[in-house]
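Participant: Okay, so here is upload.pdb, and as you'll see once you scroll down, it has PDB, C-alpha atoms.
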```pdb
ATOM      1  CA  GLN A 124      17.589  75.299 143.113
ATOM      2  CA  GLU A 125      18.726  76.808 146.399
ATOM      3  CA  ARG A 126      17.392  80.268 147.144
ATOM      4  CA  PRO A 127      19.858  83.047 148.004
ATOM      5  CA  CYS A 128      19.948  84.023 151.652
ATOM      6  CA  GLN A 129      21.386  86.730 153.861
ATOM      7  CA  VAL A 130      23.579  85.622 156.750
ATOM      8  CA  ILE A 131      24.293  87.268 160.102
ATOM      9  CA  PRO A 132      27.771  86.799 161.597
ATOM     10  CA  ALA A 133      27.597  84.931 164.900
ATOM     11  CA  ALA A 134      31.351  85.205 165.427
ATOM     12  CA  GLY A 135      33.713  88.121 165.842
ATOM     13  CA  GLY A 136      36.486  88.650 163.361
ATOM     14  CA  LEU A 137      39.718  88.267 165.316
ATOM     15  CA  HIS A 138      39.216  86.996 168.850
ATOM     16  CA  GLY A 139      35.728  85.575 169.290
ATOM     17  CA  ARG A 140      33.830  82.424 168.484
ATOM     18  CA  ALA A 141      34.906  79.850 165.886
ATOM     19  CA  GLN A 142      35.457  81.231 162.404
ATOM     20  CA  GLY A 143      32.715  80.732 159.868
ATOM     21  CA  CYS A 144      29.920  80.702 162.439
ATOM     22  CA  TYR A 145      26.846  82.489 161.101
ATOM     23  CA  TRP A 146      23.043  82.381 161.060
ATOM     24  CA  GLU A 147      20.694  82.432 158.096
ATOM     25  CA  ARG A 148      18.649  85.571 158.442
ATOM     26  CA  GLY A 149      14.927  84.904 158.760
ATOM     27  CA  ALA A 150      15.231  81.263 159.763
ATOM     28  CA  GLN A 151      14.433  82.047 163.389
ATOM     29  CA  THR A 152      14.357  84.861 165.909
ATOM     30  CA  HIS A 153      17.416  84.838 168.150
ATOM     31  CA  ILE A 154      17.321  85.642 171.856
ATOM     32  CA  MET A 155      20.091  87.751 173.364
ATOM     33  CA  GLY A 156      20.370  86.981 177.063
ATOM     34  CA  ILE A 157      21.201  89.885 179.378
ATOM     35  CA  LEU A 158      24.095  89.352 181.805
ATOM     36  CA  ASN A 159      24.608  92.511 183.851
ATOM     37  CA  VAL A 160      27.702  92.395 186.061
ATOM     38  CA  THR A 161      26.766  95.624 187.817
ATOM     39  CA  PRO A 162      25.621  96.487 191.341
ATOM     40  CA  ASP A 163      22.922  98.900 190.202
ATOM     41  CA  SER A 164      21.117  97.688 187.052
ATOM     42  CA  PHE A 165      17.411  98.402 187.253
ATOM     43  CA  SER A 166      16.142  94.824 187.627
ATOM     44  CA  ASP A 167      19.067  92.510 188.358
ATOM     45  CA  GLY A 168      21.756  94.697 189.906
ATOM     46  CA  GLY A 169      24.127  92.744 192.127
ATOM     47  CA  LYS A 170      22.992  89.321 190.961
ATOM     48  CA  HIS A 171      26.121  88.512 188.946
ATOM     49  CA  LEU A 172      28.929  90.278 190.803
ATOM     50  CA  GLN A 173      30.645  86.992 191.693
ATOM     51  CA  LEU A 174      32.370  85.338 188.739
ATOM     52  CA  GLU A 175      30.881  81.910 189.356
ATOM     53  CA  ASP A 176      27.374  83.357 189.596
ATOM     54  CA  ALA A 177      27.830  85.163 186.276
ATOM     55  CA  VAL A 178      29.166  82.055 184.537
ATOM     56  CA  ALA A 179      26.364  79.889 185.943
ATOM     57  CA  SER A 180      23.721  82.369 184.775
ATOM     58  CA  ALA A 181      25.263  82.515 181.294
ATOM     59  CA  GLN A 182      25.287  78.715 181.074
ATOM     60  CA  ALA A 183      21.656  78.585 182.167
ATOM     61  CA  MET A 184      20.722  81.074 179.445
ATOM     62  CA  VAL A 185      22.575  79.051 176.814
ATOM     63  CA  ASN A 186      20.844  75.885 178.019
ATOM     64  CA  ALA A 187      17.511  77.686 177.730
ATOM     65  CA  GLY A 188      18.193  78.604 174.091
ATOM     66  CA  ALA A 189      19.991  81.962 174.065
ATOM     67  CA  SER A 190      22.001  82.603 170.897
ATOM     68  CA  VAL A 191      23.872  85.597 172.319
ATOM     69  CA  ILE A 192      25.006  86.528 175.835
ATOM     70  CA  ASP A 193      25.241  90.310 176.306
ATOM     71  CA  VAL A 194      27.709  91.152 179.087
ATOM     72  CA  GLY A 195      27.440  94.655 180.527
ATOM     73  CA  GLY A 196      29.464  96.412 183.213
ATOM     74  CA  GLU A 197      27.730  99.793 183.281
ATOM     75  CA  THR A 198      24.058 100.377 183.935
ATOM     76  CA  THR A 199      22.415 102.667 181.402
ATOM     77  CA  LYS A 200      19.120 103.111 183.243
ATOM     78  CA  PRO A 201      17.729 106.671 183.318
ATOM     79  CA  GLY A 202      19.764 108.918 185.581
ATOM     80  CA  ALA A 203      22.699 106.509 185.878
ATOM     81  CA  ALA A 204      26.138 108.047 186.338
ATOM     82  CA  GLU A 205      29.028 107.079 184.084
ATOM     83  CA  VAL A 206      31.355 104.277 185.214
ATOM     84  CA  SER A 207      35.109 104.607 184.670
ATOM     85  CA  VAL A 208      36.777 102.637 181.902
ATOM     86  CA  GLU A 209      38.947 100.799 184.412
ATOM     87  CA  GLN A 210      36.018  99.714 186.564
ATOM     88  CA  GLU A 211      33.978  98.606 183.574
ATOM     89  CA  ILE A 212      36.872  96.513 182.263
ATOM     90  CA  GLU A 213      37.351  94.949 185.698
ATOM     91  CA  ARG A 214      33.711  93.876 185.633
ATOM     92  CA  VAL A 215      33.296  92.470 182.124
ATOM     93  CA  VAL A 216      36.651  91.042 181.046
ATOM     94  CA  PRO A 217      36.965  88.285 183.701
ATOM     95  CA  VAL A 218      33.453  87.074 182.870
ATOM     96  CA  ILE A 219      34.048  87.016 179.114
ATOM     97  CA  ARG A 220      37.392  85.300 179.551
ATOM     98  CA  ALA A 221      35.827  82.682 181.845
ATOM     99  CA  LEU A 222      33.029  81.954 179.364
ATOM    100  CA  ARG A 223      35.598  81.344 176.631
ATOM    101  CA  GLU A 224      37.962  79.312 178.824
ATOM    102  CA  ARG A 225      35.092  77.011 179.769
ATOM    103  CA  GLY A 226      34.262  76.394 176.135
ATOM    104  CA  MET A 227      30.803  77.959 176.116
ATOM    105  CA  ASP A 228      29.535  77.704 172.527
ATOM    106  CA  VAL A 229      27.656  80.977 172.262
ATOM    107  CA  THR A 230      28.072  84.397 170.713
ATOM    108  CA  ILE A 231      29.254  86.901 173.333
ATOM    109  CA  SER A 232      28.396  90.581 173.085
ATOM    110  CA  VAL A 233      29.857  93.359 175.234
ATOM    111  CA  ASP A 234      27.392  96.084 176.174
ATOM    112  CA  THR A 235      29.503  99.249 176.328
ATOM    113  CA  ARG A 236      29.761 102.802 175.024
ATOM    114  CA  LYS A 237      33.535 102.981 175.442
ATOM    115  CA  ALA A 238      36.085 101.889 172.847
ATOM    116  CA  ALA A 239      38.724 100.922 175.427
ATOM    117  CA  VAL A 240      36.251  98.612 177.154
ATOM    118  CA  ALA A 241      35.187  97.154 173.814
ATOM    119  CA  ARG A 242      38.793  96.450 172.824
ATOM    120  CA  ALA A 243      39.551  94.711 176.123
ATOM    121  CA  ALA A 244      36.350  92.674 175.892
ATOM    122  CA  VAL A 245      36.906  91.586 172.288
ATOM    123  CA  GLU A 246      40.510  90.651 173.028
ATOM    124  CA  ALA A 247      39.188  88.556 175.936
ATOM    125  CA  GLY A 248      36.877  86.669 173.577
ATOM    126  CA  ALA A 249      33.769  88.772 172.885
ATOM    127  CA  ASP A 250      32.314  88.632 169.363
ATOM    128  CA  TRP A 251      30.022  91.653 169.137
ATOM    129  CA  ILE A 252      29.999  95.213 170.441
ATOM    130  CA  ASN A 253      26.588  96.463 171.627
ATOM    131  CA  ASP A 254      26.760 100.269 171.852
ATOM    132  CA  VAL A 255      23.659 101.996 173.231
ATOM    133  CA  SER A 256      24.990 105.328 171.972
ATOM    134  CA  GLY A 257      25.208 104.137 168.377
ATOM    135  CA  GLY A 258      28.902 104.978 168.319
ATOM    136  CA  GLU A 259      28.346 108.619 169.273
ATOM    137  CA  PHE A 260      29.568 108.599 172.886
ATOM    138  CA  ASP A 261      33.134 107.597 171.981
ATOM    139  CA  SER A 262      34.442 108.672 168.581
ATOM    140  CA  ALA A 263      36.944 105.797 168.625
ATOM    141  CA  MET A 264      34.237 103.117 168.790
ATOM    142  CA  LEU A 265      33.366 102.733 165.110
ATOM    143  CA  PRO A 266      36.995 102.699 163.881
ATOM    144  CA  LEU A 267      37.741 100.123 166.577
ATOM    145  CA  ALA A 268      34.920  97.836 165.440
ATOM    146  CA  ALA A 269      36.257  98.110 161.896
ATOM    147  CA  GLU A 270      39.805  97.321 163.034
ATOM    148  CA  LEU A 271      38.714  94.260 165.035
ATOM    149  CA  MET A 272      36.183  93.166 162.384
ATOM    150  CA  ALA A 273      33.596  92.931 165.158
ATOM    151  CA  PRO A 274      29.850  93.035 164.414
ATOM    152  CA  VAL A 275      28.326  96.058 166.116
ATOM    153  CA  VAL A 276      24.829  96.854 167.412
ATOM    154  CA  LEU A 277      23.993 100.538 167.014
ATOM    155  CA  MET A 278      21.093 101.829 169.110
ATOM    156  CA  HIS A 279      19.027 105.005 169.014
ATOM    157  CA  MET A 280      19.303 107.203 172.097
ATOM    158  CA  LYS A 281      19.212 110.911 172.806
ATOM    159  CA  GLY A 282      21.778 112.309 175.195
ATOM    160  CA  THR A 283      23.238 110.030 177.856
ATOM    161  CA  PRO A 284      21.610 107.911 180.575
ATOM    162  CA  GLU A 285      21.999 110.901 182.904
ATOM    163  CA  THR A 286      20.202 113.318 180.542
ATOM    164  CA  MET A 287      17.961 111.238 178.260
ATOM    165  CA  ASN A 288      14.731 111.650 180.256
ATOM    166  CA  SER A 289      14.866 115.387 179.548
ATOM    167  CA  LEU A 290      15.113 114.776 175.785
ATOM    168  CA  VAL A 291      11.881 112.943 175.035
ATOM    169  CA  ASN A 292      10.220 115.413 172.669
ATOM    170  CA  TYR A 293       9.519 114.108 169.158
ATOM    171  CA  GLU A 294       7.518 115.394 166.218
ATOM    172  CA  CYS A 295       7.499 111.870 164.732
ATOM    173  CA  VAL A 296       9.307 109.256 166.776
ATOM    174  CA  PHE A 297       9.218 106.659 163.998
ATOM    175  CA  GLY A 298      10.758 108.990 161.428
ATOM    176  CA  GLU A 299      13.373 110.360 163.804
ATOM    177  CA  VAL A 300      14.472 106.916 164.995
ATOM    178  CA  ARG A 301      14.572 105.562 161.427
ATOM    179  CA  ASP A 302      16.596 108.484 160.129
ATOM    180  CA  HIS A 303      18.974 108.433 163.074
ATOM    181  CA  LEU A 304      19.668 104.715 162.646
ATOM    182  CA  LEU A 305      20.262 105.139 158.924
ATOM    183  CA  ALA A 306      22.700 107.958 159.693
ATOM    184  CA  ARG A 307      24.542 105.835 162.259
ATOM    185  CA  ARG A 308      24.781 102.981 159.761
ATOM    186  CA  LYS A 309      26.267 105.347 157.198
ATOM    187  CA  ALA A 310      28.777 106.589 159.778
ATOM    188  CA  ALA A 311      29.720 103.001 160.601
ATOM    189  CA  GLU A 312      30.250 102.133 156.950
ATOM    190  CA  GLU A 313      32.338 105.265 156.434
ATOM    191  CA  ALA A 314      34.464 104.147 159.398
ATOM    192  CA  GLY A 315      35.157 100.878 157.600
ATOM    193  CA  ILE A 316      32.570  98.542 159.116
ATOM    194  CA  PRO A 317      31.049  96.348 156.389
ATOM    195  CA  ALA A 318      27.265  96.419 156.054
ATOM    196  CA  TRP A 319      26.941  92.779 157.056
ATOM    197  CA  ASN A 320      28.504  93.562 160.452
ATOM    198  CA  ILE A 321      25.905  96.201 161.403
ATOM    199  CA  ILE A 322      22.794  95.490 163.495
ATOM    200  CA  LEU A 323      20.361  98.258 164.441
ATOM    201  CA  ASP A 324      18.241  98.792 167.577
ATOM    202  CA  PRO A 325      15.423 101.379 167.947
ATOM    203  CA  GLY A 326      16.227 101.881 171.635
ATOM    204  CA  ILE A 327      12.954 101.040 173.334
ATOM    205  CA  GLY A 328      12.867 102.832 176.687
ATOM    206  CA  PHE A 329      15.801 105.152 175.951
ATOM    207  CA  ALA A 330      14.690 108.791 175.830
ATOM    208  CA  LYS A 331      11.145 107.706 175.018
ATOM    209  CA  LYS A 332       7.814 107.928 176.817
ATOM    210  CA  ILE A 333       5.243 105.151 176.829
ATOM    211  CA  ASP A 334       3.510 106.359 173.647
ATOM    212  CA  GLU A 335       6.787 106.529 171.732
ATOM    213  CA  ASN A 336       7.742 103.014 172.875
ATOM    214  CA  LEU A 337       4.379 101.607 171.821
ATOM    215  CA  THR A 338       4.554 103.396 168.467
ATOM    216  CA  LEU A 339       7.928 101.852 167.709
ATOM    217  CA  LEU A 340       6.679  98.389 168.646
ATOM    218  CA  ARG A 341       3.467  98.897 166.657
ATOM    219  CA  ARG A 342       5.416 100.051 163.597
ATOM    220  CA  CYS A 343       8.317  97.664 164.042
ATOM    221  CA  GLY A 344       7.520  95.926 160.743
ATOM    222  CA  GLU A 345       7.862  99.230 158.903
ATOM    223  CA  LEU A 346      11.166  99.794 160.652
ATOM    224  CA  VAL A 347      12.442  96.372 159.550
ATOM    225  CA  VAL A 348      11.654  97.298 155.939
ATOM    226  CA  ALA A 349      13.081 100.818 156.164
ATOM    227  CA  LEU A 350      16.381  99.609 157.639
ATOM    228  CA  GLN A 351      17.061  96.785 155.180
ATOM    229  CA  PRO A 352      19.432  95.058 154.815
ATOM    230  CA  SER A 353      20.431  95.579 158.451
ATOM    231  CA  PRO A 354      19.095  93.079 161.000
ATOM    232  CA  LEU A 355      16.974  94.588 163.790
ATOM    233  CA  LEU A 356      17.327  93.990 167.514
ATOM    234  CA  VAL A 357      14.446  94.823 169.888
ATOM    235  CA  SER A 358      15.028  95.254 173.616
ATOM    236  CA  ALA A 359      11.930  96.002 175.688
ATOM    237  CA  SER A 360      12.630  93.559 178.515
ATOM    238  CA  ARG A 361      11.311  94.647 181.927
ATOM    239  CA  LYS A 362      11.207  98.301 180.854
ATOM    240  CA  LYS A 363       9.303 100.893 182.885
ATOM    241  CA  PHE A 364       6.571 101.385 180.276
ATOM    242  CA  LEU A 365       5.579  97.736 180.736
ATOM    243  CA  GLY A 366       5.281  98.321 184.467
ATOM    244  CA  THR A 367       3.067 101.332 183.798
ATOM    245  CA  ILE A 368       0.754  99.328 181.549
ATOM    246  CA  LEU A 369       0.649  96.346 183.906
ATOM    247  CA  GLY A 370       0.579  98.280 187.155
ATOM    248  CA  GLU A 371       3.624  96.265 188.214
ATOM    249  CA  THR A 372       6.406  98.035 190.095
ATOM    250  CA  ASP A 373       8.625  94.943 190.392
ATOM    251  CA  ALA A 374      10.518  94.697 187.098
ATOM    252  CA  LYS A 375      11.077  90.965 187.583
ATOM    253  CA  GLN A 376       7.311  90.387 187.536
ATOM    254  CA  ARG A 377       6.769  91.737 183.992
ATOM    255  CA  THR A 378       7.457  88.462 182.173
ATOM    256  CA  PHE A 379       4.127  88.273 180.333
ATOM    257  CA  GLY A 380       4.499  91.886 179.231
ATOM    258  CA  ASN A 381       7.933  90.976 177.904
ATOM    259  CA  ALA A 382       6.368  88.054 176.041
ATOM    260  CA  ALA A 383       3.858  90.348 174.333
ATOM    261  CA  CYS A 384       6.697  92.558 173.095
ATOM    262  CA  THR A 385       8.657  89.516 171.939
ATOM    263  CA  ALA A 386       5.709  88.188 169.943
ATOM    264  CA  ALA A 387       5.174  91.630 168.393
ATOM    265  CA  ALA A 388       8.847  91.821 167.415
ATOM    266  CA  VAL A 389       8.755  88.365 165.830
ATOM    267  CA  ALA A 390       5.583  89.186 163.915
ATOM    268  CA  ALA A 391       7.274  92.348 162.616
ATOM    269  CA  GLY A 392      10.295  90.437 161.361
ATOM    270  CA  ALA A 393      12.872  91.485 163.964
ATOM    271  CA  ASP A 394      15.955  89.285 164.044
ATOM    272  CA  PHE A 395      16.950  89.536 167.707
ATOM    273  CA  VAL A 396      15.133  90.073 170.995
ATOM    274  CA  ARG A 397      17.176  91.049 174.042
ATOM    275  CA  ALA A 398      15.752  89.556 177.231
ATOM    276  CA  HIS A 399      16.267  88.874 180.927
ATOM    277  CA  ASP A 400      13.798  85.962 181.040
ATOM    278  CA  VAL A 401      15.567  83.828 178.468
ATOM    279  CA  ARG A 402      13.709  80.539 178.836
ATOM    280  CA  GLU A 403      10.309  82.206 178.630
ATOM    281  CA  MET A 404      11.272  84.444 175.692
ATOM    282  CA  CYS A 405      12.829  81.525 173.805
ATOM    283  CA  GLN A 406       9.537  79.673 174.106
ATOM    284  CA  THR A 407       7.597  82.784 173.038
ATOM    285  CA  ALA A 408       9.871  83.404 170.053
ATOM    286  CA  ARG A 409       9.898  79.781 168.953
ATOM    287  CA  VAL A 410       6.115  79.499 168.823
ATOM    288  CA  SER A 411       5.811  82.967 167.258
ATOM    289  CA  ASP A 412       8.344  81.961 164.604
ATOM    290  CA  HIS A 413       6.150  79.014 163.657
ATOM    291  CA  ILE A 414       3.106  81.295 163.438
ATOM    292  CA  TYR A 415       4.583  84.288 161.634
ATOM    293  CA  ARG A 416       7.604  82.973 159.754
ATOM    294  CA  ARG A 417       7.712  80.229 157.182
ATOM    295  CA  PRO A 418       8.997  77.239 159.181
ATOM    296  CA  ALA A 419      12.622  76.693 158.243
ATOM    297  CA  GLN A 420      14.141  73.293 157.808
ATOM    298  CA  GLY A 421      16.721  72.377 160.363
ATOM    299  CA  LEU A 422      15.653  74.630 163.233
ATOM    300  CA  ARG A 423      17.943  73.567 166.047
ATOM    301  CA  PRO A 424      15.901  71.612 168.621
ATOM    302  CA  THR A 425      16.330  72.833 172.159
ATOM    303  CA  SER A 426      15.800  70.220 174.823
ATOM    304  CA  ALA A 427      15.043  72.875 177.425
ATOM    305  CA  LEU A 428      11.988  73.885 175.411
TER     306      LEU A 428
END
```
Take the structure in this file and express it as structure tokens.

Facilitator:
Amino acid sequence: QERPCQVIPAAGGLHGRAQGCYWERGAQTHIMGILNVTPDSFSDGGKHLQLEDAVASAQAMVNAGASVIDVGGETTKPGAAEVSVEQEIERVVPVIRALRERGMDVTISVDTRKAAVARAAVEAGADWINDVSGGEFDSAMLPLAAELMAPVVLMHMKGTPETMNSLVNYECVFGEVRDHLLARRKAAEEAGIPAWNIILDPGIGFAKKIDENLTLLRRCGELVVALQPSPLLVSASRKKFLGTILGETDAKQRTFGNAACTAAAVAAGADFVRAHDVREMCQTARVSDHIYRRPAQGLRPTSAL
């Protein structure tokens, strides 16, 4: 007798990937590859400003095992100023359209806080909306995701990138993040987004000091349980707290620190890990899945691994 399972939509509702594309939750940990098309992102700014460079990097991430490509046109590092809607659209839409026109078989996410950018990106072929503000920055975001039937990632953050470093006081970071994410999920459902289209993210590195980040990673398993049935995404890649622990000022040299966070997320039962170093994190997640998860039949072999 087949056991019941929860599925996660890998395709957007109206404009994205092929209909009926989904993943069985718990079968494996999925890697979301980061594709920043910005001049000022904290670790890879300027790397993907040319369309061909962005497309080549996305293809390399897919070849390495990425399940999702997260395309962002506005840096949200601490202190970053807001980018205009028009400029953000000019950055992300040509890349998303090119990935679709070239037949890239991957889920595409747009990393934006703005509903107008999200609409343009989804209409160009994006599947998911990844909103670091949890739908709070732009009141039109959650109704838009409902209208377009697009899965949405809702993250915990205080303030904005410009102000968040001044808002890092917590009585209990675990409880506050949990309660905030539950409240954002409720708001999303009230806006018409079905529960199965909601993914939650504790916001590692956003308005949090090193101790808060480590607490959330240490208690990630409790967070997975508390936020059921929503899948959990963890994004600690190259963050400053890893540099502090490692004594490494170059964000691109924090790969092994990223791997430790990836293994911790897998062990906790997280569903997605967002990463710059896709090949290395796919290897880390794949081995960790075999250690911590019951090996699932039919795991897709990846030649690059």

Participant: Name the residues captured by the PyMOL selection byres ((chain A and resi 153) around 10) when it is applied to the shown file; answer as number ranges by chain.

Facilitator: A: 146, 148-152, 154-156, 188-191, 356, 389, 393-397, 404-405, 408-409

Participant: Give me, as a PyMOL selection string, all polymer residues having an atom no more than 9 Å from A:Pro201, counting only C-alpha atoms and skipping those fewer than 6 positions away in the same chain.

Facilitator: chain A and resi 283-288+329-330

Participant: Could you tell me, as JSON, numbers by chain, exactly which residues end up selected when the PyMOL selection byres ((chain A and resi 157) around 7) is applied to this structure?

Facilitator: {"A": [155, 156, 158, 159, 192, 193, 194, 397, 398, 399]}

Participant: Please measure the separation of atom CA of A:Ala374 and atom CA of A:Met280, giving the value in Å to one decimal.

Facilitator: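 According to the coordinates, atom CA of A:Ala374 and atom CA of A:Met280 are separated by 21.4 Å.
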
Participant: So, counting only C-alpha atoms, which residue among A:Lys375, A:Lys281, A:Arg140, A:Arg361 is closest to A:Thr230?

Facilitator: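 Looking only at the distances to A:Thr230, the closest residue turns out to be A:Arg140.
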
Participant: Interatomic distance between atom CA of A:Ala134 and atom CA of A:Leu267?

Facilitator: 16.3 Å

Participant: How big is the axis-aligned box around all listed atoms of stretch 397-414 of chain A once 6 Å goes on each side, and where's its centre, in Å to one decimal, as AutoDock Vina command-line options?

Facilitator:
```
--center_x 10.1 --center_y 85.0 --center_z 172.2 --size_x 26.1 --size_y 24.0 --size_z 29.6
```

Participant: Need the shell around A:Thr235: protein/DNA/RNA residues with any atom at most 8 Å away, counting all atoms listed in the file. Skip same-chain ones fewer than 4 positions apart. Format as a VMD selection string?

Facilitator: chain A and resid 195 to 197 240 to 241 252 to 255

Participant: List the neighbours of A:Asp250 out to 12 Å using all atoms listed in the file; skip same-chain residues closer than 5 positions along the sequence, and give me the result as a ChimeraX atom specification.

Facilitator: /A:132-142,144-145,191-194,219-220,223,228-234,241-245,268,271-276,320

Participant: I would like the residues chosen by the PyMOL selection byres ((chain A and resi 179-183) around 9) on the shown file; could you give them as JSON, numbers by chain?

Facilitator: {"A": [156, 157, 158, 171, 174, 175, 176, 177, 178, 184, 185, 186, 187, 188, 189, 192, 222, 227, 401, 402]}

Participant: So, counting all atoms listed in the file, which residue among A:Thr385, A:Gln129, A:Ser262, A:Ser411 is closest to A:Ala314?

Facilitator: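 Nearest candidate to A:Ala314 out of A:Thr385, A:Gln129, A:Ser262, A:Ser411: A:Ser262.
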
Participant: Report, in Å with one decimal, the straight-line distance from atom CA of A:Met264 to atom CA of A:Ala239.

Facilitator: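 If I compute the distance from atom CA of A:Met264 to atom CA of A:Ala239, I get 8.3 Å.
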